[in-house]
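Trainee: Below you will find the structure I want to go over with you.
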Amino acid sequence: MIRIQNIYHMLAYAFRVLREQGYADVATEEFANTAELCAAILTRGIGSQLKRGLGREYVGRMEALSSLRGKIEVTESVKTRSVLRRQMVCRYDEFSVDTRMNRILKATCLLLLRSDIKKARKKELKRLLVFFSDVRDVDLTVVDWRMRFDRNNQTYRMLMSVCWLVAKGLLQTQADGTLRLMDFLDEQRMSRLYERFILEYYRREHPDFNATASYIGWALDDGFDGMLPAMKSDVMLSRGNTVLIIDAKYYSHTMQQQFDKRTVHSYNLYQIFTYVKNKEAEPEDVPHEVSGMLLYARTDEEIQPNATYRMSGNWISVRTLDLDSPFEEITRQLDGVVEDFFTAEECQTSVAERE
């Protein structure tokens, strides 16, 4: 389980724009469901974008015109017999608001209008849709979400991410003509948000650490790495000679069960152990201590993993983060990770053990 308000806080760390003044009231508002939260973010985000002006780009057009424009398509003009109407088919570029991102914004607003949100929120969305009259409709199920952002469309980054969450969380079914709601943020989408939230939290709240999502090289004897998969950490915290690799896991079940025995997911444990040992093998001028942690999002299960193991000279920890608690408690738990692994006494002990 996860509190709806905590999803906003996670998004706010993932996207800095949500910490600006225009979204201040969203942080304190209570929401009945995630669709309501996303609708609130979009109404404010689109409102801010309208003040700047909707993004425009050159869009290719081809139509029959009485006044010539751009390139004349003679073949098409003959096929359509537009000459008989004293017209010619022309192909031209138009600087228009009818862009892919604006189409996605419009389609997402229309989708939210059919979801379970308050009437006042729907009224806000309808008011905003007036400004998208020149934007064509698009089917969100076939949208290509791979986008490039630059200084001209950077303000759309957060909006597109929220639209993606909405599009993947609300499913339409034609069986009875109604809108069917699924678990708004499924395991895969929450996993991506969970990972990014933890990384951005440490970047913002602990600037004295180097927080990255770094690649880890394989410890190879001959340097040949053909067909080996890339190892990319979710979060790598480092300060001085101490490194902590965090693998963030968002599952519906935090532990695996065989017969009557519950254990940590074996694949997850193998993965974090591999990360730690290969990171430790990287050449360094000074000794360094590398530890690993599996940080699961807490579930409603009775048994939750909470243990630390000493494996081949490295600390491997398994913990849970309770996303259904007040956000202040979540930050306390994340700060506690830093305190446990980066105290001065621990660093000194680690160096003494190697010496």
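In the structure tokens, each chain is lettered A, B, ... as it comes, each chain's residues begin at 1, and ligands are numbered from 1 in order of appearance.
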Write out as a VMD selection string which residues come within 6 Å of region 67-77 of chain A when counting only C-alpha atoms, dropping same-chain ones fewer than 6 positions away.
Mentor: chain A and resid 88 to 92
Trainee: With N, CA and C atoms retained, write the just-selected residues as a CSV table (one decimal), in the first residue's frame.
Mentor:
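For reference, again.csv as written:
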```csv
chain,number,residue,atom,x,y,z
A,88,MET,N,-5.3,23.7,-56.4
A,88,MET,CA,-4.2,22.8,-56.6
A,88,MET,C,-3.8,22.2,-55.2
A,89,VAL,N,-3.4,20.9,-55.3
A,89,VAL,CA,-2.9,20.3,-54.1
A,89,VAL,C,-1.5,20.8,-53.7
A,90,CYS,N,-1.3,21.3,-52.6
A,90,CYS,CA,-0.1,21.9,-52.2
A,90,CYS,C,0.5,21.2,-50.9
A,91,ARG,N,1.8,21.0,-50.8
A,91,ARG,CA,2.4,20.5,-49.6
A,91,ARG,C,3.3,21.6,-49.0
A,92,TYR,N,3.0,21.9,-47.7
A,92,TYR,CA,3.7,23.0,-47.1
A,92,TYR,C,3.9,22.7,-45.6
```
Trainee: Skipping near chain neighbours, those fewer than 2 positions away, what residues fall within 9 Å of region 105-109 of chain A using only C-alpha atoms, listed as a tab-separated table (two decimals) with N, CA, C and O atoms, in the first residue's frame?
Mentor:
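Contents of the output file part-v9.tsv:
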```tsv
chain	number	residue	atom	x	y	z
A	39	ALA	N	-4.71	14.61	-12.17
A	39	ALA	CA	-5.53	15.68	-12.76
A	39	ALA	C	-5.17	17.03	-12.14
A	39	ALA	O	-5.09	18.04	-12.84
A	42	LEU	N	-1.81	18.11	-13.61
A	42	LEU	CA	-1.93	18.52	-15.01
A	42	LEU	C	-2.62	19.86	-15.18
A	42	LEU	O	-2.23	20.67	-16.02
A	43	THR	N	-3.66	20.10	-14.39
A	43	THR	CA	-4.37	21.38	-14.53
A	43	THR	C	-3.44	22.55	-14.21
A	43	THR	O	-3.45	23.57	-14.91
A	46	ILE	N	-0.57	22.53	-17.08
A	46	ILE	CA	-1.04	23.05	-18.38
A	46	ILE	C	-1.32	24.55	-18.26
A	46	ILE	O	-1.05	25.33	-19.19
A	100	ARG	N	2.88	16.69	-31.35
A	100	ARG	CA	2.63	15.41	-30.69
A	100	ARG	C	2.40	15.59	-29.19
A	100	ARG	O	1.50	14.98	-28.62
A	101	MET	N	3.20	16.44	-28.55
A	101	MET	CA	3.07	16.62	-27.11
A	101	MET	C	1.74	17.28	-26.75
A	101	MET	O	1.10	16.92	-25.75
A	102	ASN	N	1.31	18.26	-27.56
A	102	ASN	CA	0.02	18.90	-27.29
A	102	ASN	C	-1.14	17.94	-27.53
A	102	ASN	O	-2.15	17.99	-26.84
A	103	ARG	N	-0.99	17.06	-28.51
A	103	ARG	CA	-2.02	16.05	-28.74
A	103	ARG	C	-2.14	15.10	-27.54
A	103	ARG	O	-3.23	14.71	-27.14
A	111	LEU	N	-9.24	11.76	-21.36
A	111	LEU	CA	-9.30	10.48	-20.64
A	111	LEU	C	-9.63	10.69	-19.18
A	111	LEU	O	-10.43	9.96	-18.59
A	112	LEU	N	-9.05	11.72	-18.58
A	112	LEU	CA	-9.33	12.00	-17.17
A	112	LEU	C	-10.77	12.44	-16.95
A	112	LEU	O	-11.34	12.21	-15.89
A	113	LEU	N	-11.36	13.09	-17.97
A	113	LEU	CA	-12.76	13.51	-17.85
A	113	LEU	C	-13.70	12.32	-17.68
A	113	LEU	O	-14.80	12.46	-17.14
A	122	LYS	N	-13.08	18.24	-13.14
A	122	LYS	CA	-13.48	18.07	-14.54
A	122	LYS	C	-13.78	19.43	-15.18
A	122	LYS	O	-13.48	19.65	-16.35
A	125	LEU	N	-10.56	20.97	-16.22
A	125	LEU	CA	-10.01	20.34	-17.42
A	125	LEU	C	-10.75	20.81	-18.68
A	125	LEU	O	-10.13	21.09	-19.71
A	126	LYS	N	-12.07	20.93	-18.59
A	126	LYS	CA	-12.86	21.40	-19.74
A	126	LYS	C	-12.49	22.83	-20.10
A	126	LYS	O	-12.44	23.19	-21.29
A	128	LEU	N	-9.58	24.19	-19.75
A	128	LEU	CA	-8.27	24.16	-20.41
A	128	LEU	C	-8.37	23.63	-21.83
A	128	LEU	O	-7.61	24.05	-22.72
A	129	LEU	N	-9.29	22.69	-22.07
A	129	LEU	CA	-9.41	22.08	-23.39
A	129	LEU	C	-9.81	23.08	-24.48
A	129	LEU	O	-9.58	22.84	-25.66
A	132	PHE	N	-7.11	23.98	-26.81
A	132	PHE	CA	-6.57	22.92	-27.67
A	132	PHE	C	-7.49	22.67	-28.87
A	132	PHE	O	-7.47	21.59	-29.44
A	135	VAL	N	-5.75	21.52	-31.96
A	135	VAL	CA	-4.93	20.32	-31.79
A	135	VAL	C	-5.77	19.09	-32.09
A	135	VAL	O	-6.87	18.94	-31.55
A	136	ARG	N	-5.26	18.23	-32.95
A	136	ARG	CA	-6.00	17.04	-33.33
A	136	ARG	C	-6.01	16.00	-32.21
A	136	ARG	O	-5.15	16.00	-31.34
A	137	ASP	N	-7.01	15.11	-32.26
A	137	ASP	CA	-7.10	14.02	-31.31
A	137	ASP	C	-6.08	12.94	-31.65
A	137	ASP	O	-5.68	12.79	-32.81
A	138	VAL	N	-5.68	12.18	-30.64
A	138	VAL	CA	-4.73	11.09	-30.85
A	138	VAL	C	-5.13	9.91	-29.96
A	138	VAL	O	-5.68	10.11	-28.87
A	139	ASP	N	-4.87	8.71	-30.42
A	139	ASP	CA	-5.15	7.51	-29.65
A	139	ASP	C	-3.94	7.23	-28.75
A	139	ASP	O	-2.86	6.92	-29.22
A	140	LEU	N	-4.13	7.33	-27.43
A	140	LEU	CA	-3.02	7.16	-26.50
A	140	LEU	C	-2.45	5.75	-26.50
A	140	LEU	O	-1.31	5.54	-26.06
A	159	LEU	N	5.13	17.11	-17.66
A	159	LEU	CA	3.76	16.92	-18.15
A	159	LEU	C	3.64	15.60	-18.92
A	159	LEU	O	2.66	14.86	-18.76
A	160	MET	N	4.62	15.30	-19.75
A	160	MET	CA	4.58	14.05	-20.53
A	160	MET	C	4.70	12.83	-19.61
A	160	MET	O	4.06	11.80	-19.86
A	163	CYS	N	1.32	12.37	-18.06
A	163	CYS	CA	0.42	11.83	-19.09
A	163	CYS	C	0.67	10.34	-19.31
A	163	CYS	O	-0.27	9.56	-19.51
A	164	TRP	N	1.94	9.96	-19.27
A	164	TRP	CA	2.29	8.55	-19.44
A	164	TRP	C	1.70	7.71	-18.31
A	164	TRP	O	1.15	6.63	-18.55
A	166	VAL	N	-0.95	8.42	-16.54
A	166	VAL	CA	-2.41	8.39	-16.73
A	166	VAL	C	-2.79	7.42	-17.84
A	166	VAL	O	-3.69	6.59	-17.69
A	167	ALA	N	-2.09	7.51	-18.97
A	167	ALA	CA	-2.43	6.66	-20.12
A	167	ALA	C	-2.25	5.19	-19.80
A	167	ALA	O	-3.04	4.34	-20.26
```
Trainee: Determine which residues of region 25-77 of chain A receive a DSSP assignment of helix (DSSP H, G or I), computed from the backbone, and state them as a list in words.
Mentor: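 Reading the DSSP output for region 25-77 of chain A, helix (DSSP H, G or I) covers Asp25, Val26, Ala27, Thr28, Thr34, Ala35, Glu36, Leu37, Cys38, Ala39, Ala40, Ile41, Leu42, Thr43, Arg44, Gly45, Ile46, Gly47, Ser48, Gln49, Leu50, Lys51, Arg52, Val74, Thr75, Glu76 and Ser77 of chain A.
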Trainee: Using only C-alpha atoms, which protein or nucleic acid residues come within 8 Å of Thr320 (chain A)? Drop anything in the same chain fewer than 3 positions from it, and give the result as a ChimeraX atom specification.
Mentor: /A:295-298,304-306
Trainee: Would you kindly return, as a list in words, each protein, DNA or RNA residue with an atom no farther than 9 Å from any atom of Asp134 (chain A), considering only C-alpha atoms and excluding same-chain residues fewer than 4 positions away?
Mentor: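 That gives Ser96, Val97 and Asp98 of chain A.
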Trainee: I need the strand (DSSP E or B) residues of region 168-306 of chain A per DSSP on the backbone, written as a ChimeraX atom specification.
Mentor: /A:170-172,179-181,210-212,215-216,231-232,235-239,242-249,255-258,261-264,289-297
Trainee: Write out as number ranges by chain the residues lying within 9 Å of Tyr201 (chain A), counting only C-alpha atoms and excluding same-chain residues fewer than 2 positions away.
Mentor: A: 10, 13-14, 196-199, 203-206, 331, 334
Trainee: Tell me, as a PyMOL selection string, which residues lie within 12 Å of region 337-340 of chain A, counting only C-alpha atoms; anything in the same chain fewer than 6 positions away does not count.
Mentor: chain A and resi 198+201-202+205-206+208-209+211+236-239+242-246+291-295+308+315+317-321+330-331+346-347
Trainee: Enter the distance from CA of Gly45 (chain A) to CA of Ala12 (chain A), in Å, rounded to one decimal.
Mentor: 12.8 Å
